[in-house]
$ cat upload_12.pdb   # PDB, C-alpha atoms
ATOM      1  CA  MET K   1     -75.336 136.068 -83.756
ATOM      2  CA  ALA K   2     -75.138 132.307 -83.233
ATOM      3  CA  ILE K   3     -72.619 130.263 -85.197
ATOM      4  CA  GLU K   4     -75.328 128.583 -87.293
ATOM      5  CA  GLU K   5     -76.962 131.948 -88.085
ATOM      6  CA  THR K   6     -73.608 133.303 -89.238
ATOM      7  CA  ARG K   7     -73.089 130.282 -91.467
ATOM      8  CA  GLU K   8     -76.572 130.671 -92.982
ATOM      9  CA  LYS K   9     -75.989 134.389 -93.582
ATOM     10  CA  LEU K  10     -72.712 133.639 -95.368
ATOM     11  CA  LEU K  11     -74.389 130.959 -97.492
ATOM     12  CA  SER K  12     -77.227 133.301 -98.397
ATOM     13  CA  VAL K  13     -74.870 136.087 -99.480
ATOM     14  CA  ALA K  14     -72.634 133.639-101.356
ATOM     15  CA  ASN K  15     -75.667 132.208-103.138
ATOM     16  CA  ARG K  16     -76.731 135.667-104.333
ATOM     17  CA  LEU K  17     -73.232 136.674-105.443
ATOM     18  CA  PHE K  18     -72.399 133.396-107.172
ATOM     19  CA  SER K  19     -75.794 133.561-108.925
ATOM     20  CA  ARG K  20     -75.195 137.093-110.110
ATOM     21  CA  PHE K  21     -71.479 137.115-110.946
ATOM     22  CA  GLY K  22     -70.500 133.456-111.240
ATOM     23  CA  PHE K  23     -67.912 131.436-109.388
ATOM     24  CA  HIS K  24     -64.782 133.075-110.785
ATOM     25  CA  LYS K  25     -65.898 136.698-110.441
ATOM     26  CA  THR K  26     -67.052 136.325-106.833
ATOM     27  CA  SER K  27     -64.390 136.720-104.155
ATOM     28  CA  MET K  28     -64.335 135.568-100.559
ATOM     29  CA  ASP K  29     -63.542 139.181 -99.566
ATOM     30  CA  GLU K  30     -66.688 140.382-101.277
ATOM     31  CA  ILE K  31     -68.835 137.698 -99.631
ATOM     32  CA  ALA K  32     -67.496 138.578 -96.171
ATOM     33  CA  LYS K  33     -67.934 142.306 -96.803
ATOM     34  CA  ILE K  34     -71.547 142.066 -97.999
ATOM     35  CA  ALA K  35     -72.423 139.625 -95.207
ATOM     36  CA  ARG K  36     -70.818 142.098 -92.772
ATOM     37  CA  LYS K  37     -68.683 139.367 -91.300
ATOM     38  CA  ALA K  38     -64.980 139.140 -90.743
ATOM     39  CA  LYS K  39     -63.111 137.216 -93.409
ATOM     40  CA  GLY K  40     -61.861 134.940 -90.623
ATOM     41  CA  SER K  41     -65.474 134.066 -89.835
ATOM     42  CA  LEU K  42     -65.995 133.061 -93.453
ATOM     43  CA  TYR K  43     -62.923 130.825 -93.379
ATOM     44  CA  TYR K  44     -64.027 129.381 -90.038
ATOM     45  CA  HIS K  45     -67.108 127.978 -91.773
ATOM     46  CA  PHE K  46     -65.687 127.295 -95.236
ATOM     47  CA  ALA K  47     -62.051 126.422 -95.888
ATOM     48  CA  SER K  48     -62.117 127.701 -99.468
ATOM     49  CA  LYS K  49     -64.250 129.333-102.125
ATOM     50  CA  GLU K  50     -64.642 125.902-103.719
ATOM     51  CA  GLU K  51     -66.027 124.462-100.491
ATOM     52  CA  LEU K  52     -68.444 127.394-100.131
ATOM     53  CA  PHE K  53     -69.628 127.088-103.741
ATOM     54  CA  LYS K  54     -70.049 123.344-103.312
ATOM     55  CA  GLU K  55     -72.270 123.978-100.276
ATOM     56  CA  VAL K  56     -74.360 126.516-102.216
ATOM     57  CA  VAL K  57     -74.859 124.058-105.088
ATOM     58  CA  SER K  58     -75.575 121.302-102.560
ATOM     59  CA  GLU K  59     -78.402 123.403-101.098
ATOM     60  CA  GLU K  60     -79.902 123.790-104.581
ATOM     61  CA  MET K  61     -79.747 120.024-105.033
ATOM     62  CA  VAL K  62     -81.346 119.417-101.614
ATOM     63  CA  ASN K  63     -84.157 121.761-102.647
ATOM     64  CA  LEU K  64     -84.554 119.809-105.896
ATOM     65  CA  LYS K  65     -84.694 116.491-104.052
ATOM     66  CA  ASN K  66     -87.149 117.784-101.444
ATOM     67  CA  GLN K  67     -89.566 119.073-104.055
ATOM     68  CA  LEU K  68     -89.275 115.975-106.236
ATOM     69  CA  SER K  69     -89.765 113.732-103.196
ATOM     70  CA  LEU K  70     -93.239 115.219-102.765
ATOM     71  CA  ILE K  71     -94.108 113.833-106.189
ATOM     72  CA  ILE K  72     -92.360 110.497-105.643
ATOM     73  CA  ASP K  73     -94.081 109.942-102.295
ATOM     74  CA  ASN K  74     -97.543 110.942-103.531
ATOM     75  CA  THR K  75     -99.664 107.810-103.110
ATOM     76  CA  GLU K  76    -102.598 109.273-105.037
ATOM     77  CA  MET K  77    -100.743 109.626-108.339
ATOM     78  CA  SER K  78    -100.349 106.889-110.912
ATOM     79  CA  ALA K  79     -96.831 106.041-112.077
ATOM     80  CA  SER K  80     -97.340 107.798-115.415
ATOM     81  CA  GLU K  81     -98.628 110.923-113.629
ATOM     82  CA  LYS K  82     -95.642 110.784-111.278
ATOM     83  CA  ILE K  83     -93.025 110.463-113.986
ATOM     84  CA  LYS K  84     -94.607 113.183-116.118
ATOM     85  CA  THR K  85     -94.952 115.550-113.142
ATOM     86  CA  TYR K  86     -91.442 114.660-111.939
ATOM     87  CA  LEU K  87     -89.808 115.504-115.275
ATOM     88  CA  ILE K  88     -91.675 118.808-115.659
ATOM     89  CA  LYS K  89     -91.041 119.851-112.043
ATOM     90  CA  ARG K  90     -87.355 118.906-112.325
ATOM     91  CA  MET K  91     -86.876 121.287-115.235
ATOM     92  CA  GLU K  92     -88.828 124.029-113.470
ATOM     93  CA  ILE K  93     -86.712 123.750-110.312
ATOM     94  CA  LEU K  94     -83.419 123.619-112.208
ATOM     95  CA  ASN K  95     -84.448 126.637-114.249
ATOM     96  CA  ASN K  96     -84.279 128.622-110.993
ATOM     97  CA  ALA K  97     -81.098 126.960-109.694
ATOM     98  CA  SER K  98     -78.652 129.511-111.066
ATOM     99  CA  ASN K  99     -75.591 128.131-109.290
ATOM    100  CA  TYR K 100     -76.265 124.718-110.781
ATOM    101  CA  HIS K 101     -76.197 126.539-114.146
ATOM    102  CA  GLU K 102     -72.704 127.747-113.247
ATOM    103  CA  THR K 103     -71.594 124.104-113.023
ATOM    104  CA  LEU K 104     -73.016 123.503-116.502
ATOM    105  CA  LYS K 105     -71.037 126.456-117.867
ATOM    106  CA  ALA K 106     -67.907 125.012-116.295
ATOM    107  CA  ASP K 107     -68.375 121.820-118.289
ATOM    108  CA  PHE K 108     -67.715 123.847-121.437
ATOM    109  CA  PHE K 109     -64.618 125.667-120.257
ATOM    110  CA  GLU K 110     -63.069 123.888-117.300
ATOM    111  CA  HIS K 111     -64.426 121.242-115.012
ATOM    112  CA  PHE K 112     -65.360 121.851-111.384
ATOM    113  CA  ASP K 113     -63.936 118.572-110.105
ATOM    114  CA  PHE K 114     -64.834 119.580-106.568
ATOM    115  CA  ILE K 115     -68.549 119.154-107.283
ATOM    116  CA  ASP K 116     -68.361 115.902-109.247
ATOM    117  CA  ASP K 117     -69.416 113.928-106.187
ATOM    118  CA  LEU K 118     -72.541 116.118-105.808
ATOM    119  CA  ARG K 119     -73.531 115.637-109.423
ATOM    120  CA  ASN K 120     -72.868 111.886-109.306
ATOM    121  CA  GLU K 121     -74.856 111.572-106.095
ATOM    122  CA  LEU K 122     -77.780 113.430-107.695
ATOM    123  CA  ASP K 123     -77.641 111.083-110.707
ATOM    124  CA  GLU K 124     -77.809 108.046-108.412
ATOM    125  CA  TRP K 125     -80.622 109.582-106.333
ATOM    126  CA  GLU K 126     -82.613 110.258-109.491
ATOM    127  CA  LYS K 127     -82.033 106.761-110.857
ATOM    128  CA  ASP K 128     -83.190 105.203-107.574
ATOM    129  CA  ASN K 129     -86.353 107.282-107.503
ATOM    130  CA  LEU K 130     -87.176 106.935-111.188
ATOM    131  CA  ARG K 131     -86.593 103.187-110.824
ATOM    132  CA  GLY K 132     -89.204 103.148-108.047
ATOM    133  CA  ILE K 133     -91.733 104.966-110.220
ATOM    134  CA  ILE K 134     -91.113 102.658-113.186
ATOM    135  CA  ILE K 135     -91.426  99.541-111.019
ATOM    136  CA  GLN K 136     -94.647 100.958-109.541
ATOM    137  CA  GLY K 137     -95.976 101.367-113.089
ATOM    138  CA  ILE K 138     -94.942  97.862-114.139
ATOM    139  CA  GLU K 139     -96.495  96.293-111.031
ATOM    140  CA  ALA K 140     -99.748  98.204-111.629
ATOM    141  CA  ASN K 141     -99.751  97.036-115.280
ATOM    142  CA  GLU K 142     -99.611 100.678-116.247
ATOM    143  CA  PHE K 143     -96.196 100.300-117.921
ATOM    144  CA  ALA K 144     -95.027  97.497-120.148
ATOM    145  CA  SER K 145     -92.547  95.062-118.697
ATOM    146  CA  ILE K 146     -89.133  96.513-119.394
ATOM    147  CA  GLN K 147     -86.288  94.147-120.191
ATOM    148  CA  ASP K 148     -83.525  96.266-118.685
ATOM    149  CA  VAL K 149     -84.703  99.039-116.378
ATOM    150  CA  GLU K 150     -81.107 100.117-115.700
ATOM    151  CA  VAL K 151     -80.491 100.913-119.375
ATOM    152  CA  LEU K 152     -83.746 102.886-119.477
ATOM    153  CA  LEU K 153     -82.671 104.835-116.377
ATOM    154  CA  ASP K 154     -79.281 105.642-117.904
ATOM    155  CA  VAL K 155     -81.003 106.932-121.044
ATOM    156  CA  PHE K 156     -83.468 108.998-118.969
ATOM    157  CA  ILE K 157     -80.584 110.660-117.131
ATOM    158  CA  MET K 158     -78.731 111.297-120.408
ATOM    159  CA  VAL K 159     -81.838 112.858-121.955
ATOM    160  CA  LEU K 160     -82.468 115.036-118.899
ATOM    161  CA  LYS K 161     -78.868 116.220-118.771
ATOM    162  CA  GLY K 162     -78.852 116.738-122.532
ATOM    163  CA  LEU K 163     -81.737 119.179-122.172
ATOM    164  CA  GLU K 164     -80.025 121.221-119.468
ATOM    165  CA  ILE K 165     -77.522 123.001-121.741
ATOM    166  CA  PRO K 166     -80.037 124.380-124.263
ATOM    167  CA  PHE K 167     -82.711 125.095-121.656
ATOM    168  CA  PHE K 168     -80.604 126.802-119.025
ATOM    169  CA  LEU K 169     -77.485 128.109-120.756
ATOM    170  CA  GLN K 170     -78.934 128.957-124.138
ATOM    171  CA  ASN K 171     -82.086 130.410-122.536
ATOM    172  CA  LYS K 172     -84.528 128.146-124.381
ATOM    173  CA  TYR K 173     -86.465 127.069-121.283
ATOM    174  CA  GLU K 174     -89.124 129.781-121.623
ATOM    175  CA  LYS K 175     -89.603 129.025-125.318
ATOM    176  CA  TYR K 176     -90.194 125.299-124.798
ATOM    177  CA  SER K 177     -91.713 125.081-121.313
ATOM    178  CA  PRO K 178     -95.287 125.552-122.599
ATOM    179  CA  TYR K 179     -94.814 122.302-124.542
ATOM    180  CA  PHE K 180     -93.434 120.188-121.677
ATOM    181  CA  GLU K 181     -96.791 118.657-120.773
ATOM    182  CA  GLY K 182     -97.305 117.286-124.279
ATOM    183  CA  LEU K 183     -93.682 116.211-124.699
ATOM    184  CA  MET K 184     -93.674 114.370-121.389
ATOM    185  CA  GLY K 185     -96.950 112.730-122.422
ATOM    186  CA  VAL K 186     -95.190 111.332-125.506
ATOM    187  CA  LEU K 187     -92.376 110.029-123.307
ATOM    188  CA  THR K 188     -94.675 108.356-120.784
ATOM    189  CA  LYS K 189     -96.835 106.931-123.588
ATOM    190  CA  GLY K 190     -93.780 104.943-124.666
ATOM    191  CA  LEU K 191     -93.732 103.259-121.259
ATOM    192  CA  THR K 192     -97.373 102.164-121.255
ATOM    193  CA  ALA K 193     -98.379  98.559-121.451
TER     194      ALA K 193
END
$ encode --input "upload_12.pdb" --output "structure tokens"
Amino acid sequence: MAIEETREKLLSVANRLFSRFGFHKTSMDEIAKIARKAKGSLYYHFASKEELFKEVVSEEMVNLKNQLSLIIDNTEMSASEKIKTYLIKRMEILNNASNYHETLKADFFEHFDFIDDLRNELDEWEKDNLRGIIIQGIEANEFASIQDVEVLLDVFIMVLKGLEIPFFLQNKYEKYSPYFEGLMGVLTKGLTA
């Protein structure tokens, strides 16, 4: 098996185990055993369990960005359609990102400092892309002129992150997801000119 195939196999197994048992209850021995790889092979690709977990979470974030980019880059959607679709799709994707949920749990008990850079980078990526959608809406006279877009972006990110705990850790996503369309409509209505 090629080096890259081995790495992908290890990531796939780690993803499943971290998703099922969490970061602390998953061991490197177990990952190597289930992947049917030598433990040395695992450490060849990933220096530590933290590094491996960070890569698994990073893949979830890349998936999130790739799917949201399809909305952002859609030239046929208005800005209000984009932002509404973006916010709904974001929650849908994160609902299935179980290792990202593990990082949310850690915020309650101990902090995974080793993934702070990933989370901060995602925040900045989201701000940049939401900024683009808002500017598109302002330029198309679809949204009102906003005095300080940066403050609005900070609030958007705070609201989105504030929803993550109840939706994904308290299992309220299924209860409220049927209402997302209407709720996001209220939010985007506040932006209109």
$ atom_distance --input "upload_12.pdb" --atom1 "CA of Glu4 in chain K" --atom2 "CA of Tyr44 in chain K"
11.7 Å
$ resolve_selection --input "upload_12.pdb" --expression "the PyMOL selection byres ((chain K and resi 34) around 10)" --output "PyMOL selection string"
chain K and resi 9-10+13-14+17+29-33+35-37
$ axis_aligned_box --input "upload_12.pdb" --around "range 158-176 of chain K" --padding-each-side "8 Å" --output "AutoDock Vina command-line options"
--center_x -83.8 --center_y 120.9 --center_z -122.0 --size_x 28.7 --size_y 35.1 --size_z 22.5
$ resolve_selection --input "upload_12.pdb" --expression "the PyMOL selection byres ((chain K and resi 69-84) around 7)" --output "PyMOL selection string"
chain K and resi 65-68+85-88+133-134+136-137+184-185+188
$ write_last_selection --input "upload_12.pdb" --atoms "C-alpha atoms" --output "compact mmCIF listing (two decimals), keeping the file's coordinate frame"
# COMPACT_ATOMS: atom_id res chain seq x y z
CA LYS K 65 -84.69 116.49 -104.05
CA ASN K 66 -87.15 117.78 -101.44
CA GLN K 67 -89.57 119.07 -104.06
CA LEU K 68 -89.28 115.98 -106.24
CA THR K 85 -94.95 115.55 -113.14
CA TYR K 86 -91.44 114.66 -111.94
CA LEU K 87 -89.81 115.50 -115.28
CA ILE K 88 -91.68 118.81 -115.66
CA ILE K 133 -91.73 104.97 -110.22
CA ILE K 134 -91.11 102.66 -113.19
CA GLN K 136 -94.65 100.96 -109.54
CA GLY K 137 -95.98 101.37 -113.09
CA MET K 184 -93.67 114.37 -121.39
CA GLY K 185 -96.95 112.73 -122.42
CA THR K 188 -94.68 108.36 -120.78
$ resolve_selection --input "upload_12.pdb" --expression "the PyMOL selection byres ((chain K and resi 97) around 9)" --output "number ranges by chain"
K: 19, 57, 60-61, 64, 93-96, 98-101
$ residues_around --input "upload_12.pdb" --residues "Arg131 in chain K" --least-positions-apart "2" --cutoff "8 Å" --atoms "only C-alpha atoms" --output "compact mmCIF listing (two decimals) with C-alpha atoms, in the coordinates of the input"
# COMPACT_ATOMS: atom_id res chain seq x y z
CA LYS K 127 -82.03 106.76 -110.86
CA ASP K 128 -83.19 105.20 -107.57
CA ASN K 129 -86.35 107.28 -107.50
CA ILE K 133 -91.73 104.97 -110.22
CA ILE K 134 -91.11 102.66 -113.19
CA ILE K 135 -91.43 99.54 -111.02
CA VAL K 149 -84.70 99.04 -116.38
CA GLU K 150 -81.11 100.12 -115.70
CA LEU K 153 -82.67 104.84 -116.38
$ atom_distance --input "upload_12.pdb" --atom1 "CA of Leu52 in chain K" --atom2 "CA of Lys25 in chain K"
14.1 Å
$ residues_around --input "upload_12.pdb" --residues "Ile115 in chain K" --least-positions-apart "3" --cutoff "6 Å" --atoms "only C-alpha atoms" --output "PyMOL selection string"
chain K and resi 54+112+118
$ residues_around --input "upload_12.pdb" --residues "Phe53 in chain K" --least-positions-apart "2" --cutoff "8 Å" --atoms "all atoms listed in the file" --output "list in words"
Ala14, Asn15, Phe18, Phe23, Lys49, Glu50, Glu51, Glu55, Val56 and Val57 of chain K
$ atom_distance --input "upload_12.pdb" --atom1 "CA of Phe180 in chain K" --atom2 "CA of Leu160 in chain K"
12.4 Å
$ closest_residue --input "upload_12.pdb" --among "K:Asn120, K:Thr103, K:Glu59, K:Gly182" --to "Ser12 in chain K" --atoms "all atoms listed in the file"
K:Glu59
$ closest_residue --input "upload_12.pdb" --among "K:Arg119, K:Lys189, K:Leu104, K:Leu130" --to "Leu152 in chain K" --atoms "all atoms listed in the file"
K:Leu130
$ closest_residue --input "upload_12.pdb" --among "K:Ile3, K:Leu191, K:Val62, K:Met91" --to "Asn141 in chain K" --atoms "only C-alpha atoms"
K:Leu191
$ decode --input "upload_12.pdb" --residues "range 174-193 of chain K" --atoms "C-alpha atoms" --output "compact mmCIF listing (two decimals), in the first residue's frame"
# COMPACT_ATOMS: atom_id res chain seq x y z
CA GLU K 174 -33.43 17.86 15.07
CA LYS K 175 -36.04 19.71 17.13
CA TYR K 176 -35.24 23.13 15.64
CA SER K 177 -33.95 22.34 12.15
CA PRO K 178 -37.46 22.40 10.61
CA TYR K 179 -37.64 26.07 11.65
CA PHE K 180 -34.27 27.17 10.25
CA GLU K 181 -35.69 28.48 6.98
CA GLY K 182 -38.06 30.85 8.76
CA LEU K 183 -35.51 31.88 11.39
CA MET K 184 -32.88 32.64 8.78
CA GLY K 185 -35.51 34.63 6.87
CA VAL K 186 -35.97 36.82 9.96
CA LEU K 187 -32.21 37.31 10.18
CA THR K 188 -31.77 38.22 6.51
CA LYS K 189 -34.83 40.50 6.65
CA GLY K 190 -32.91 42.61 9.15
CA LEU K 191 -30.22 43.19 6.53
CA THR K 192 -32.55 44.36 3.76
CA ALA K 193 -32.54 47.89 2.50
